[in-house]
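Written below as structure tokens is the structure these notes are about.
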Amino acid sequence: MLPKKMAVTLTLTLAMLATSPGILPARAAVIDDLQQVATTMAPAEYQQLASRVNSYTRIYRVEEGDTLERLGRRFQADPELIAAMNGLEPGVTLTAGQFLVLPHMADQTYTVTAGDTLWSIARRYSVDAGQLAAANGIADSRNLRVGTILTIPGSPAVAAVRPAVSLASRSIDLKPAASLVWPLIGAITSGFGWRGGEFHHGLDIAGNLGDKIRAALAGTVVLSGWGNSIYGQMVKIDHGNGLETVYAHTSRNLVKTGEYVQAGEAIAEVGATGNASGPHLHFEVREKGKAINPEGFLSR
């Protein structure tokens with residue numbers, strides 16, 4: 001959330017606008033200096049953009065194929081917040097070259113205390129545990145020393161958007177160019193792979209209690225109920241050809257076993273049932289019973 005009354009009014013004269021270099025670096029999606037866009041916009045439009053810029057924002061130039069949802073995933077921000085900050089409707093179509101103001105949080109610091117783990121700190125600040133480890137040069141996440149001052153990464157730096165991975169390129173026989181829908185928009189607080197002394201078989205995605213969880217792909221619900229003491233209440237969907245997805249720690253399931261659901265359909269609500277320290281979604285993709293990294297299937 002942006003703090004109220006934090007807008008910094010920029011008083012630039014028309015003479016300054018006329019002499020501003022206004023040269024945009026090639027392919028610069030994130031604009032570091034507001035004056036870089038001064039000569040590319042009408043004065044009134046520029047002043048309107050400038051009035052929304054402050055220390056908690058960044059300027060972004062829309063690229064071909066961008067959507068609010070894609071920007072939300074890319075910059076770990078709520079798409080509805082991005083829309084509201086720019087006076088847009090949530091489902092609006094973005095235009096290449098359009099300038100937006102995005103929420104931005106600078107790096108923070110945190111001093112490790114007794115009982116902290118890399119994942120508890122990552123969850124507290126809604127950052128990716130892998131990014132937290134990389135930002136602090138942590139090779140062994142099992143040995144966090146009390147008193148260590150960690151850098152908490154702020155909003156992620158812009159990165160090239162990777163194209164959606166076709167499931168047809170895997171061993172799954174699905175329609176070409178098919179990919180999974182993100183079941184929940186939020187920060188990944190724990191990735192797929194080893195963490196400490198155990199293997200994490202999916203992605204933990206941060207969310208608030210009651211947030212809607214959506215089916216990643218169309219299929220038949222084969223389990224809707226209590227899984228076990230680790231997964232808690234969960235939903236499992238069979239998509240055919242040996243592909244399944246799992247949605248764990250739910251607070252309430254919205255579908256029943258045997259139902260057929262469409263991709264993007266709400267199937268459950270975020271909870272903290274089972275072995276969960278707080279509300280989040282544990283999401284798995286299984287191919288012929290074996291857990292595989294979901295990020296290779298999720299559209300960007």
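Chain identifiers are assigned as A, B, and so on, following the order in which chains appear in the structure tokens; residues are numbered from 1 within each chain, and ligands are numbered from 1 in order of appearance.
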
Could you pull out the strand (DSSP E) residues of segment 44-147 of chain A, going by DSSP on the backbone, and write them as a list in words?
Thr57, Arg58, Ile59, Tyr60, Arg61, Phe99, Leu100, Val101, Leu102, Pro103, Gln108, Thr109, Tyr110 and Thr111 of chain A

Alpha helix (DSSP H) per DSSP on the backbone: members of segment 81-262 of chain A, as an NGL selection string: :A and (81-85 or 118-125 or 129-135)

The residue from A:Asp211, A:Asp238, A:Glu63, A:Glu284 with the smallest atom-to-atom distance to Ser224 of chain A, counting only C-alpha atoms, is A:Asp238

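Using only C-alpha atoms, the smallest distance between any of A:Ala42, A:His249, A:Thr93, A:Gly147 and Thr67 of chain A comes from A:Thr93.
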
Problem - Between atom CA of Ala266 of chain A and atom CA of Ile213 of chain A, distance in Å (one decimal) - result: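 According to the coordinates, atom CA of Ala266 of chain A and atom CA of Ile213 of chain A are separated by 5.6 Å.
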
Practice task
Measure the distance from atom CA of Gly232 of chain A to atom CA of Gln76 of chain A in Å and round it to one decimal.
Solution key: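 Between atom CA of Gly232 of chain A and atom CA of Gln76 of chain A the gap works out to 26.5 Å.
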
* Quick one: pull the distance between atom CA of Ala206 of chain A and atom CA of His282 of chain A, Å, one decimal. =>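 Atom CA of His282 of chain A lies 9.0 Å from atom CA of Ala206 of chain A.
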
Problem set entry | Phe192 of chain A environment, 7 Å, only C-alpha atoms, sequence neighbours closer than 5 positions dropped, as a list in words |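 Close residues of Phe192 of chain A: His200, His201, Gly202, Leu203 and Asn293 of chain A.
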
Q. So which one's closest to Gly97 of chain A, A:Phe283, A:Trp226, A:Tyr60, A:Trp119? Using only C-alpha atoms, please.
A.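 Among the listed residues, the smallest separation from Gly97 of chain A belongs to A:Tyr60.
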
Residue neighbourhood Val261 of chain A, 9 Å, only C-alpha atoms, exclusion window fewer than 5 positions, as a PyMOL selection string
chain A and resi 215+217-221+237+255+266-267

In terms of only C-alpha atoms, the residue from A:Asn86, A:Leu94, A:Val285, A:Gly72 at minimal distance from Leu184 of chain A is A:Gly72
